[in-house]
>>> print(open('query26.cif').read())   # mmCIF, C-alpha atoms (C1' of nucleotides)
data_upload
loop_
_atom_site.label_atom_id
_atom_site.label_comp_id
_atom_site.auth_asym_id
_atom_site.auth_seq_id
_atom_site.Cartn_x
_atom_site.Cartn_y
_atom_site.Cartn_z
CA MET W 63 176.37 128.31 51.38
CA TYR W 64 175.08 125.50 49.21
CA SER W 65 174.20 123.81 52.48
CA VAL W 66 170.75 125.46 52.58
CA PHE W 67 170.06 123.89 49.18
CA LEU W 68 171.58 120.47 49.89
CA GLU W 69 169.86 120.18 53.24
CA HIS W 70 166.52 121.03 51.72
CA ILE W 71 166.95 118.33 49.07
CA GLN W 72 168.00 115.84 51.72
CA LYS W 73 164.78 116.36 53.63
CA PHE W 74 163.16 114.40 50.78
CA ILE W 75 165.83 112.20 49.20
CA SER W 76 169.37 111.18 50.18
CA LEU W 77 172.31 112.21 48.06
CA GLU W 78 175.58 110.36 47.46
CA THR W 79 178.85 112.30 47.69
CA PHE W 80 179.30 112.21 43.92
CA GLU W 81 175.84 113.65 43.42
CA ILE W 82 176.63 116.52 45.76
CA ASP W 83 179.77 117.12 43.71
CA ILE W 84 177.75 117.27 40.52
CA LEU W 85 175.35 119.76 42.04
CA GLU W 86 178.09 121.99 43.44
CA SER W 87 180.01 122.02 40.19
CA SER W 88 176.94 122.70 38.02
CA LEU W 89 175.43 125.46 40.10
CA ALA W 90 176.36 128.93 41.22
CA ILE W 91 175.02 131.31 43.80
CA SER W 92 174.01 134.77 42.58
CA LYS W 93 173.49 137.85 44.66
CA ILE W 94 170.38 139.83 43.79
CA ASN W 95 169.91 143.27 45.27
CA LYS W 96 166.69 144.56 46.76
CA LYS W 97 164.26 145.69 44.01
CA GLU W 98 166.14 143.86 41.25
CA HIS W 99 164.01 141.67 39.01
CA VAL W 100 164.78 138.12 37.91
CA LEU W 101 161.65 137.98 35.74
CA GLN W 102 159.59 140.67 34.02
CA GLU W 103 156.14 140.42 32.52
CA SER W 104 156.07 139.24 28.88
CA GLN W 105 159.46 137.50 29.17
CA VAL W 106 159.50 133.74 28.76
CA CYS W 107 160.67 132.31 32.08
CA ASN W 108 163.37 129.70 31.48
CA THR W 109 164.87 129.59 34.96
CA MET W 110 163.91 128.23 38.37
CA TYR W 111 165.19 130.06 41.42
CA PHE W 112 166.01 128.49 44.78
CA ILE W 113 166.28 131.10 47.52
CA ILE W 114 169.37 130.66 49.71
CA LYS W 115 168.96 133.88 51.63
CA GLY W 116 166.58 136.84 51.50
CA CYS W 117 163.09 137.31 50.19
CA PHE W 118 161.40 137.51 46.79
CA ARG W 119 157.92 138.24 45.59
CA GLN W 120 155.93 137.43 42.50
CA TYR W 121 153.62 140.28 41.52
CA ILE W 122 151.52 141.77 38.76
CA ILE W 123 150.56 145.31 37.87
CA ASN W 124 146.77 145.56 37.71
CA ASN W 125 144.71 147.72 35.37
CA LYS W 126 144.83 150.61 37.84
CA GLY W 127 148.63 150.51 37.74
CA ILE W 128 148.89 149.10 41.26
CA GLU W 129 151.27 146.26 42.14
CA GLN W 130 149.62 143.18 43.57
CA THR W 131 151.80 140.57 45.22
CA LEU W 132 150.63 137.04 44.50
CA GLN W 133 153.36 135.08 46.23
CA PHE W 134 156.30 135.54 48.56
CA GLY W 135 159.32 133.29 48.79
CA VAL W 136 161.96 133.12 51.52
CA GLU W 137 164.90 130.85 52.41
CA SER W 138 164.51 127.30 50.97
CA TRP W 139 161.62 128.17 48.70
CA TRP W 140 161.57 127.81 44.96
CA ILE W 141 160.20 130.67 42.94
CA THR W 142 159.45 130.76 39.23
CA ASP W 143 156.57 131.00 36.76
CA TYR W 144 155.95 127.31 36.13
CA LEU W 145 153.42 127.92 33.38
CA SER W 146 155.77 130.11 31.38
CA PHE W 147 158.64 127.72 32.16
CA HIS W 148 156.83 124.61 30.90
CA ASN W 149 154.82 126.10 28.03
CA HIS W 150 157.42 128.60 26.77
CA THR W 151 154.75 131.28 26.91
CA PRO W 152 155.30 134.91 27.96
CA SER W 153 154.96 135.35 31.69
CA HIS W 154 152.17 137.37 33.31
CA PHE W 155 154.33 138.05 36.35
CA TYR W 156 157.23 139.99 37.76
CA ILE W 157 159.60 138.30 40.21
CA GLN W 158 161.59 140.75 42.32
CA ALA W 159 163.91 140.67 45.33
CA VAL W 160 162.29 142.27 48.38
CA GLU W 161 165.60 142.16 50.30
CA ASN W 162 169.23 141.80 49.25
CA SER W 163 169.22 138.10 48.50
CA GLU W 164 171.18 135.08 47.34
CA ILE W 165 169.73 132.53 44.97
CA ILE W 166 170.65 129.53 42.90
CA ALA W 167 169.36 130.18 39.38
CA ILE W 168 168.87 126.98 37.38
CA LYS W 169 168.25 127.33 33.67
CA LYS W 170 166.06 124.80 31.95
CA ASN W 171 168.88 123.07 30.07
CA VAL W 172 171.01 122.83 33.22
CA LEU W 173 168.04 121.40 35.09
CA GLU W 174 167.47 118.80 32.39
CA SER W 175 171.10 117.79 32.49
CA LEU W 176 171.04 117.51 36.29
CA LEU W 177 167.87 115.41 36.14
CA ILE W 178 169.61 113.00 33.77
CA GLN W 179 172.70 112.75 35.98
CA ILE W 180 170.72 112.57 39.23
CA PRO W 181 167.28 111.14 38.40
CA LYS W 182 166.32 111.14 42.09
CA LEU W 183 165.97 114.90 41.80
CA GLU W 184 162.74 114.27 39.92
CA ARG W 185 161.37 112.84 43.16
CA TYR W 186 162.57 115.80 45.19
CA LEU W 187 160.98 118.29 42.81
CA ARG W 188 157.80 116.21 42.54
CA ILE W 189 157.26 116.17 46.28
CA VAL W 190 158.13 119.83 46.73
CA SER W 191 155.79 120.97 43.96
CA GLN W 192 152.93 118.79 45.19
CA LYS W 193 153.30 120.27 48.67
CA THR W 194 153.49 123.77 47.21
CA PHE W 195 150.30 123.16 45.27
CA GLY W 196 148.69 121.88 48.49
CA ALA W 197 149.67 125.14 50.17
CA ALA W 198 148.12 127.09 47.27
CA GLN W 199 144.85 125.18 47.78
CA MET W 200 144.82 126.22 51.44
CA ARG W 201 145.55 129.79 50.44
CA ILE W 202 142.51 129.82 48.17
CA LYS W 203 140.44 128.40 51.02
CA PHE W 204 141.50 131.26 53.30
CA LEU W 205 140.84 133.86 50.62
CA PHE W 206 137.36 132.42 50.09
CA THR W 207 136.27 132.02 53.69
CA MET W 208 137.86 134.73 55.79
CA SER W 209 137.22 138.46 56.03
CA ALA W 210 140.12 140.85 55.39
CA GLU W 211 140.73 141.26 59.10
CA GLU W 212 140.64 137.50 59.70
CA ARG W 213 143.13 136.92 56.91
CA TYR W 214 145.49 139.45 58.46
CA GLN W 215 145.19 138.00 61.97
CA HIS W 216 145.57 134.46 60.71
CA PHE W 217 148.63 135.30 58.66
CA SER W 218 150.33 137.30 61.42
CA ASN W 219 149.73 134.53 63.93
CA LEU W 220 151.33 131.98 61.62
CA ASN W 221 154.17 134.24 60.44
CA PRO W 222 154.84 136.90 63.08
CA GLU W 223 158.47 137.46 62.01
CA PHE W 224 157.64 137.65 58.34
CA VAL W 225 155.11 140.44 58.87
CA GLN W 226 158.00 142.61 60.10
CA ARG W 227 160.05 141.76 57.07
CA VAL W 228 158.05 143.18 54.17
CA PRO W 229 156.32 146.54 53.57
CA GLN W 230 152.71 146.54 54.70
CA TYR W 231 151.39 147.45 51.29
CA MET W 232 152.90 144.30 49.81
CA LEU W 233 151.38 142.13 52.50
CA ALA W 234 148.02 143.91 52.08
CA SER W 235 147.89 143.05 48.38
CA TYR W 236 149.02 139.46 49.09
CA LEU W 237 146.07 139.15 51.47
CA ASP W 238 143.84 140.81 48.84
CA PHE W 239 142.89 144.11 50.39
CA SER W 240 144.06 147.70 50.00
CA ALA W 241 147.05 149.26 51.76
CA GLU W 242 144.68 151.81 53.34
CA PHE W 243 142.52 149.09 54.78
CA MET W 244 145.59 147.37 56.24
CA SER W 245 146.34 150.58 58.07
CA LYS W 246 142.83 150.66 59.51
CA ILE W 247 142.98 147.01 60.57
CA ARG W 248 146.24 147.60 62.41
CA ALA W 249 144.85 150.70 64.10
CA GLY W 250 141.79 148.71 65.18
CA LYS W 251 139.53 150.94 63.08
CA ALA W 252 138.43 148.37 60.53
CA MET R 17 139.71 102.41 29.41
CA TYR R 18 143.19 102.74 30.88
CA SER R 19 144.04 104.45 27.61
CA VAL R 20 143.03 107.88 28.96
CA PHE R 21 145.55 107.37 31.75
CA LEU R 22 148.34 105.88 29.64
CA GLU R 23 147.99 108.51 26.97
CA HIS R 24 148.17 111.27 29.53
CA ILE R 25 151.37 109.84 30.98
CA GLN R 26 152.84 109.47 27.51
CA LYS R 27 152.39 113.15 26.81
CA PHE R 28 155.28 113.64 29.24
CA ILE R 29 157.36 110.44 29.27
CA SER R 30 157.45 107.30 27.12
CA LEU R 31 156.56 103.94 28.59
CA GLU R 32 157.93 100.50 27.68
CA THR R 33 155.46 97.66 27.20
CA PHE R 34 156.50 96.04 30.48
CA GLU R 35 155.85 99.29 32.29
CA ILE R 36 152.35 99.51 30.84
CA ASP R 37 151.81 95.92 32.05
CA ILE R 38 152.89 96.88 35.56
CA LEU R 39 150.51 99.82 35.58
CA GLU R 40 147.55 97.86 34.26
CA SER R 41 148.07 95.03 36.72
CA SER R 42 148.54 97.32 39.72
CA LEU R 43 145.61 99.62 39.09
CA ALA R 44 141.85 99.36 38.88
CA ILE R 45 139.12 101.63 37.63
CA SER R 46 136.35 102.48 40.09
CA LYS R 47 132.95 103.88 39.26
CA ILE R 48 131.84 106.71 41.52
CA ASN R 49 128.25 107.88 41.37
CA LYS R 50 127.18 111.50 41.24
CA LYS R 51 127.25 113.04 44.75
CA GLU R 52 129.42 110.28 46.22
CA HIS R 53 132.46 111.44 48.15
CA VAL R 54 135.99 110.10 47.86
CA LEU R 55 137.25 112.37 50.63
CA GLN R 56 135.52 114.00 53.60
CA GLU R 57 136.74 116.80 55.82
CA SER R 58 138.85 115.63 58.80
CA GLN R 59 139.86 112.38 57.08
CA VAL R 60 143.52 111.89 56.29
CA CYS R 61 143.80 111.70 52.50
CA ASN R 62 145.97 108.74 51.51
CA THR R 63 144.86 108.38 47.88
CA MET R 64 145.40 110.22 44.63
CA TYR R 65 142.62 110.11 42.05
CA PHE R 66 143.06 110.23 38.30
CA ILE R 67 139.80 111.03 36.52
CA ILE R 68 139.09 108.74 33.53
CA LYS R 69 135.57 109.99 32.90
CA GLY R 70 133.21 112.43 34.58
CA CYS R 71 133.73 115.38 36.87
CA PHE R 72 134.74 115.95 40.48
CA ARG R 73 134.96 118.95 42.73
CA GLN R 74 136.90 119.81 45.85
CA TYR R 75 134.86 121.95 48.24
CA ILE R 76 134.56 123.18 51.78
CA ILE R 77 131.60 124.12 53.95
CA ASN R 78 132.03 127.67 55.17
CA ASN R 79 130.99 129.09 58.54
CA LYS R 80 127.54 129.98 57.15
CA GLY R 81 127.01 126.35 56.20
CA ILE R 82 127.37 127.05 52.49
CA GLU R 83 129.41 124.84 50.18
CA GLN R 84 132.23 126.58 48.35
CA THR R 85 133.89 124.83 45.45
CA LEU R 86 137.64 125.43 45.34
CA GLN R 87 138.54 123.20 42.42
CA PHE R 88 136.99 121.17 39.65
CA GLY R 89 138.54 118.18 37.92
CA VAL R 90 137.53 116.51 34.67
CA GLU R 91 138.95 113.84 32.35
CA SER R 92 142.76 113.46 32.67
CA TRP R 93 143.04 115.57 35.80
CA TRP R 94 144.42 114.43 39.12
CA ILE R 95 142.47 115.36 42.20
CA THR R 96 143.53 114.92 45.83
CA ASP R 97 144.43 116.90 48.93
CA TYR R 98 148.20 117.02 48.53
CA LEU R 99 148.81 118.61 51.91
CA SER R 100 146.88 115.93 53.79
CA PHE R 101 148.45 113.26 51.56
CA HIS R 102 152.03 114.34 52.23
CA ASN R 103 151.75 115.48 55.84
CA HIS R 104 149.29 112.83 57.10
CA THR R 105 147.15 115.62 58.49
CA PRO R 106 143.33 115.72 58.51
CA SER R 107 141.96 117.24 55.33
CA HIS R 108 140.09 120.55 55.23
CA PHE R 109 138.25 119.50 52.07
CA TYR R 110 135.54 117.33 50.61
CA ILE R 111 136.07 115.69 47.23
CA GLN R 112 132.86 114.67 45.51
CA ALA R 113 131.71 113.38 42.11
CA VAL R 114 129.65 116.00 40.26
CA GLU R 115 128.67 113.42 37.60
CA ASN R 116 128.69 109.63 37.46
CA SER R 117 132.39 109.11 37.00
CA GLU R 118 135.24 106.66 36.60
CA ILE R 119 138.54 107.08 38.36
CA ILE R 120 141.80 105.34 39.07
CA ALA R 121 142.35 105.53 42.83
CA ILE R 122 146.00 105.12 43.80
CA LYS R 123 146.79 104.60 47.46
CA LYS R 124 150.02 105.95 48.83
CA ASN R 125 151.70 102.55 49.27
CA VAL R 126 150.71 101.48 45.74
CA LEU R 127 152.06 104.75 44.38
CA GLU R 128 155.36 104.26 46.22
CA SER R 129 155.67 100.75 44.82
CA LEU R 130 154.91 101.96 41.29
CA LEU R 131 157.47 104.74 41.63
CA ILE R 132 160.11 102.16 42.58
CA GLN R 133 159.23 99.90 39.66
CA ILE R 134 158.85 102.78 37.15
CA PRO R 135 161.03 105.64 38.42
CA LYS R 136 160.19 107.69 35.31
CA LEU R 137 156.76 108.25 36.81
CA GLU R 138 158.41 110.67 39.22
CA ARG R 139 159.13 112.85 36.21
CA TYR R 140 155.57 112.59 34.92
CA LEU R 141 154.13 113.57 38.30
CA ARG R 142 156.71 116.32 38.76
CA ILE R 143 155.84 117.99 35.49
CA VAL R 144 152.09 117.59 35.98
CA SER R 145 152.15 119.06 39.47
CA GLN R 146 154.37 121.97 38.45
CA LYS R 147 151.96 122.81 35.63
CA THR R 148 149.01 122.47 37.99
CA PHE R 149 150.66 124.84 40.43
CA GLY R 150 151.27 127.23 37.55
CA ALA R 151 147.55 127.11 36.75
CA ALA R 152 146.75 127.84 40.41
CA GLN R 153 148.96 130.93 40.25
CA MET R 154 147.00 132.17 37.24
CA ARG R 155 143.75 131.46 39.06
CA ILE R 156 144.87 133.66 41.95
CA LYS R 157 145.79 136.37 39.48
CA PHE R 158 142.29 136.31 37.98
CA LEU R 159 140.65 136.31 41.41
CA PHE R 160 142.73 139.34 42.38
CA THR R 161 142.36 141.45 39.27
CA MET R 162 138.94 140.78 37.75
CA SER R 163 135.45 141.77 38.86
CA ALA R 164 132.87 139.03 39.39
CA GLU R 165 131.38 139.61 35.97
CA GLU R 166 134.79 139.59 34.28
CA ARG R 167 135.67 136.31 35.99
CA TYR R 168 132.46 134.77 34.71
CA GLN R 169 132.95 136.01 31.15
CA HIS R 170 136.57 134.97 31.10
CA PHE R 171 135.80 131.51 32.42
CA SER R 172 132.89 130.89 30.04
CA ASN R 173 134.93 132.02 27.06
CA LEU R 174 137.69 129.58 27.95
CA ASN R 175 135.39 126.71 28.95
CA PRO R 176 132.03 127.12 27.20
CA GLU R 177 131.16 123.38 27.36
CA PHE R 178 132.13 123.06 31.01
CA VAL R 179 129.76 125.86 32.06
CA GLN R 180 126.87 123.67 30.83
CA ARG R 181 128.16 120.72 32.78
CA VAL R 182 127.93 121.85 36.41
CA PRO R 183 125.21 123.58 38.44
CA GLN R 184 125.52 127.35 38.37
CA TYR R 185 125.81 127.64 42.12
CA MET R 186 128.95 125.48 42.09
CA LEU R 187 130.53 127.58 39.39
CA ALA R 188 129.53 130.79 41.22
CA SER R 189 131.35 129.71 44.36
CA TYR R 190 134.37 128.55 42.32
CA LEU R 191 134.53 132.05 40.84
CA ASP R 192 134.04 133.50 44.34
CA PHE R 193 130.65 135.15 44.20
CA SER R 194 127.16 134.23 45.33
CA ALA R 195 124.70 132.05 43.41
CA GLU R 196 122.26 134.98 43.36
CA PHE R 197 124.83 137.25 41.81
CA MET R 198 125.54 134.64 39.12
CA SER R 199 121.87 134.76 38.24
CA LYS R 200 122.02 138.52 37.88
CA ILE R 201 125.16 138.41 35.75
CA ARG R 202 123.55 135.92 33.39
CA ALA R 203 120.40 138.02 33.16
CA GLY R 204 122.51 141.07 32.39
CA LYS R 205 121.35 142.79 35.58
CA ALA R 206 124.64 142.81 37.43
"C1'" DT X 95 103.22 110.37 35.47
"C1'" DG X 96 103.28 113.10 39.42
"C1'" DC X 97 105.42 114.56 43.69
"C1'" DA X 98 109.73 115.92 45.96
"C1'" DT X 99 113.91 117.87 45.61
"C1'" DT X 100 117.20 120.65 43.65
"C1'" DT X 101 118.39 124.60 41.17
"C1'" DC X 102 117.63 129.19 39.53
"C1'" DT X 103 115.57 133.99 39.74
"C1'" DT X 104 114.30 138.60 41.46
"C1'" DG X 105 114.25 142.81 44.20
"C1'" DA X 106 115.25 145.43 48.36
"C1'" DA X 107 118.27 146.52 51.99
"C1'" DG X 108 122.79 146.53 53.83
"C1'" DC X 109 127.79 146.51 54.41
"C1'" DA X 110 132.79 145.17 53.86
"C1'" DG X 111 136.09 147.03 51.71
"C1'" DT X 112 137.61 150.57 47.92
"C1'" DT X 113 138.87 154.99 46.26
"C1'" DC X 114 140.54 159.48 46.66
"C1'" DA X 115 143.08 163.08 48.52
"C1'" DA X 116 146.00 165.01 51.70
"C1'" DG X 117 149.05 164.79 55.40
"C1'" DT X 118 152.55 162.35 58.45
"C1'" DT X 119 156.20 159.30 59.44
"C1'" DT X 120 160.02 156.46 58.26
"C1'" DT X 121 163.79 155.05 55.43
"C1'" DT X 122 167.19 155.76 51.97
"C1'" DT X 123 170.73 158.09 49.79
"C1'" DA X 124 173.94 161.65 48.37
"C1'" DT M 116 172.75 165.03 58.19
"C1'" DA M 117 169.64 167.13 55.03
"C1'" DA M 118 166.79 166.32 51.27
"C1'" DA M 119 164.28 163.01 48.63
"C1'" DA M 120 161.83 158.99 48.29
"C1'" DA M 121 159.14 155.40 50.12
"C1'" DA M 122 155.79 153.84 53.26
"C1'" DC M 123 151.98 154.58 56.27
"C1'" DT M 124 147.67 156.96 58.12
"C1'" DT M 125 143.11 159.12 58.25
"C1'" DG M 126 138.34 160.33 57.11
"C1'" DA M 127 134.61 160.90 53.84
"C1'" DA M 128 132.16 159.35 49.98
"C1'" DC M 129 131.08 155.54 47.36
"C1'" DT M 130 130.15 150.77 45.27
"C1'" DG M 131 130.26 145.85 44.07
"C1'" DC M 132 128.62 142.38 45.93
"C1'" DT M 133 126.09 139.86 49.80
"C1'" DT M 134 122.15 138.61 52.36
"C1'" DC M 135 117.48 137.59 52.91
"C1'" DA M 136 113.13 136.02 51.58
"C1'" DA M 137 110.02 134.21 48.52
"C1'" DG M 138 108.63 132.30 44.34
"C1'" DA M 139 109.42 129.92 39.75
"C1'" DA M 140 111.50 126.50 36.98
"C1'" DA M 141 113.87 122.33 36.16
"C1'" DT M 142 115.28 117.79 37.38
"C1'" DG M 143 115.18 113.33 39.69
"C1'" DC M 144 112.85 109.46 41.32
"C1'" DA M 145 109.04 106.20 42.92
#
>>> encode(input="query26.cif", output="structure tokens")
Amino acid sequence: MYSVFLEHIQKFISLETFEIDILESSLAISKINKKEHVLQESQVCNTMYFIIKGCFRQYIINNKGIEQTLQFGVESWWITDYLSFHNHTPSHFYIQAVENSEIIAIKKNVLESLLIQIPKLERYLRIVSQKTFGAAQMRIKFLFTMSAEERYQHFSNLNPEFVQRVPQYMLASYLDFSAEFMSKIRAGKA
Amino acid sequence: MYSVFLEHIQKFISLETFEIDILESSLAISKINKKEHVLQESQVCNTMYFIIKGCFRQYIINNKGIEQTLQFGVESWWITDYLSFHNHTPSHFYIQAVENSEIIAIKKNVLESLLIQIPKLERYLRIVSQKTFGAAQMRIKFLFTMSAEERYQHFSNLNPEFVQRVPQYMLASYLDFSAEFMSKIRAGKA
DNA sequence: TGCATTTCTTGAAGCAGTTCAAGTTTTTTA
DNA sequence: TAAAAAACTTGAACTGCTTCAAGAAATGCA
């Protein structure tokens, strides 16, 4: 089951057999059940998570006590709080499994040791995080320019399967409107 | 004037003298005048820009013909369209100088050659882009949880000098409200 | 210096989306 | 498979912010 991970890396760099051995012997796959958290607000985040199987979300609890999902992650995505990770500051976020999932959890010191043994991984992580930031820029563009209904239509056209996979209220908050309004959009009453 | 660049890199990795020589001989500083563009919508972006001096913004023109600023960059920030850069797809963005500025423009092939000669730069860029993505996550949090007035107050508390530096209408669109509403917030009439 | 351009201000009218509250449907679990 | 919990729906009242239009102030440039 490491294949999901190794294949993702090898989309960007090529690995020697010995490097694959290092990765497999340094890393483990953990099962995380639906609704379990891998990060809670105010914790310092010292781990990066690569999703092998399942779905996670990063969310906050706003001042009205409502959960707002800021990011989803599925197979082959990384999820973590990079700011907390790099600055050793308490996180503002929760990261939770939305489905029963399998992840590779890489602690900071393990990551550093892997990056020394396999320096090419810096390149892999550099490219992946630049592309992820590019995707975040597009997300902000959509949030700024589209109405709630347009954001929903656009997202469901691009990710029809994913829309089935998560509760509507989570998707509503990810698209920055209320769960009630999502209901009205879907009923054509918006 | 490369010092701004070299010092930024050396916050994250250390450079040997020969590596500094390679950088200085491969790179040039360009002056970009206020209002000049370094990227236009529909162009493929094949350059990364490091800002030595001045200020840039990334913006779009929305369907009402109004400019909306998605991102600012000042001294020691990188600015580019990473999605267009990595996927060779036409950009959705404009990147423009807000002040008379100086930048280091690094084309993709020059970057690749530098990364081969100084592999450590992968690490520098990896860390910088992960932190930048972390900042984007926080930005989305603020957009989701704060009212227009709270976003303005929060931003001006964190960046009091910067607020003086750019036209109000650019900052208004960056904070996702109208220029008119900015005026009312500042007058205490919101 | 003076004209043109850009930027900022103000008020009135309007509306996209929220909030609240209550009920219904679906899913989970014992 | 029944009861509990989670998720979804609906309508009515409300509001934070936009839009429009017009004028005032500041800045840039010949």
>>> closest_atom_pairs(input="query26.cif", of="chain R", to="chain X", cutoff="12 Å", atoms="only C-alpha atoms (C1' of nucleotides)", output="tab-separated table")
residue	atom	partner	partner_atom	distance
R:Val182	CA	X:DT101	C1'	11.0
R:Pro183	CA	X:DT101	C1'	7.4
R:Gln184	CA	X:DT101	C1'	8.1
R:Tyr185	CA	X:DT101	C1'	8.1
R:Met186	CA	X:DT101	C1'	10.6
R:Ala195	CA	X:DC102	C1'	8.6
R:Glu196	CA	X:DT103	C1'	7.7
R:Phe197	CA	X:DT103	C1'	10.0
R:Met198	CA	X:DC102	C1'	9.6
R:Ser199	CA	X:DT103	C1'	6.5
R:Lys200	CA	X:DT103	C1'	8.1
R:Ile201	CA	X:DT103	C1'	11.3
R:Arg202	CA	X:DT103	C1'	10.4
R:Ala203	CA	X:DT103	C1'	9.1
R:Lys205	CA	X:DT104	C1'	10.1
R:Ala206	CA	X:DT104	C1'	11.9
>>> atom_distance(input="query26.cif", atom1="C1' of DC135 (chain M)", atom2="CA of Ser189 (chain R)")
18.1 Å
>>> resolve_selection(input="query26.cif", expression="the PyMOL selection byres ((chain M) within 12 of (chain W))", output="VMD selection string")
chain M and resid 121 to 126
>>> closest_atom_pairs(input="query26.cif", of="chain W", to="chain R", cutoff="10 Å", atoms="all atoms listed in the file", output="tab-separated table")
residue	atom	partner	partner_atom	distance
W:Gln120	CA	R:Gln153	CA	9.8
W:Tyr121	CA	R:Lys157	CA	9.0
W:Ile122	CA	R:Lys157	CA	7.9
W:Ile123	CA	R:Thr161	CA	9.2
W:Asn124	CA	R:Thr161	CA	6.2
W:Asn125	CA	R:Thr161	CA	7.7
W:Lys126	CA	R:Thr161	CA	9.6
W:Gln130	CA	R:Phe160	CA	8.0
W:Thr131	CA	R:Lys157	CA	9.3
W:Leu132	CA	R:Lys157	CA	7.0
W:Gln133	CA	R:Gln153	CA	8.5
W:Thr142	CA	R:Gly150	CA	9.1
W:Asp143	CA	R:Gly150	CA	6.6
W:Tyr144	CA	R:Gly150	CA	4.9
W:Leu145	CA	R:Gly150	CA	4.7
W:Ser146	CA	R:Gly150	CA	8.2
W:Phe147	CA	R:Lys147	CA	9.0
W:His148	CA	R:Lys147	CA	7.0
W:Asn149	CA	R:Lys147	CA	8.8
W:His154	CA	R:Met154	CA	8.3
W:Phe155	CA	R:Lys157	CA	9.2
W:Leu177	CA	R:Arg139	CA	9.1
W:Pro181	CA	R:Pro135	CA	8.3
W:Lys182	CA	R:Glu138	CA	8.4
W:Leu183	CA	R:Glu138	CA	9.0
W:Glu184	CA	R:Arg139	CA	5.4
W:Arg185	CA	R:Glu138	CA	5.4
W:Tyr186	CA	R:Arg142	CA	8.7
W:Leu187	CA	R:Arg142	CA	6.2
W:Arg188	CA	R:Arg142	CA	3.9
W:Ile189	CA	R:Arg142	CA	7.5
W:Val190	CA	R:Arg142	CA	8.8
W:Ser191	CA	R:Gln146	CA	5.8
W:Gln192	CA	R:Ser145	CA	5.8
W:Lys193	CA	R:Leu99	CA	5.8
W:Thr194	CA	R:Phe149	CA	7.4
W:Phe195	CA	R:Phe149	CA	5.1
W:Gly196	CA	R:Leu99	CA	4.7
W:Ala197	CA	R:Leu99	CA	6.8
W:Ala198	CA	R:Ala152	CA	7.0
W:Gln199	CA	R:Leu86	CA	7.6
W:Met200	CA	R:His108	CA	8.3
W:Arg201	CA	R:Ile156	CA	9.4
W:Ile202	CA	R:Leu86	CA	7.1
W:Lys203	CA	R:Leu86	CA	7.0
W:Leu205	CA	R:Asp192	CA	9.3
W:Phe206	CA	R:Asp192	CA	6.7
W:Thr207	CA	R:Asn78	CA	6.3
W:Met208	CA	R:Asn78	CA	9.2
W:Ser235	CA	R:Phe160	CA	8.7
W:Tyr236	CA	R:Phe160	CA	9.2
W:Leu237	CA	R:Phe160	CA	9.7
W:Asp238	CA	R:Phe160	CA	6.7
W:Phe239	CA	R:Phe160	CA	9.3
>>> resolve_selection(input="query26.cif", expression="the PyMOL selection byres ((chain R and resi 25) around 10)", output="VMD selection string")
chain R and resid 19 to 24 26 to 31 92 137 139 to 141 144
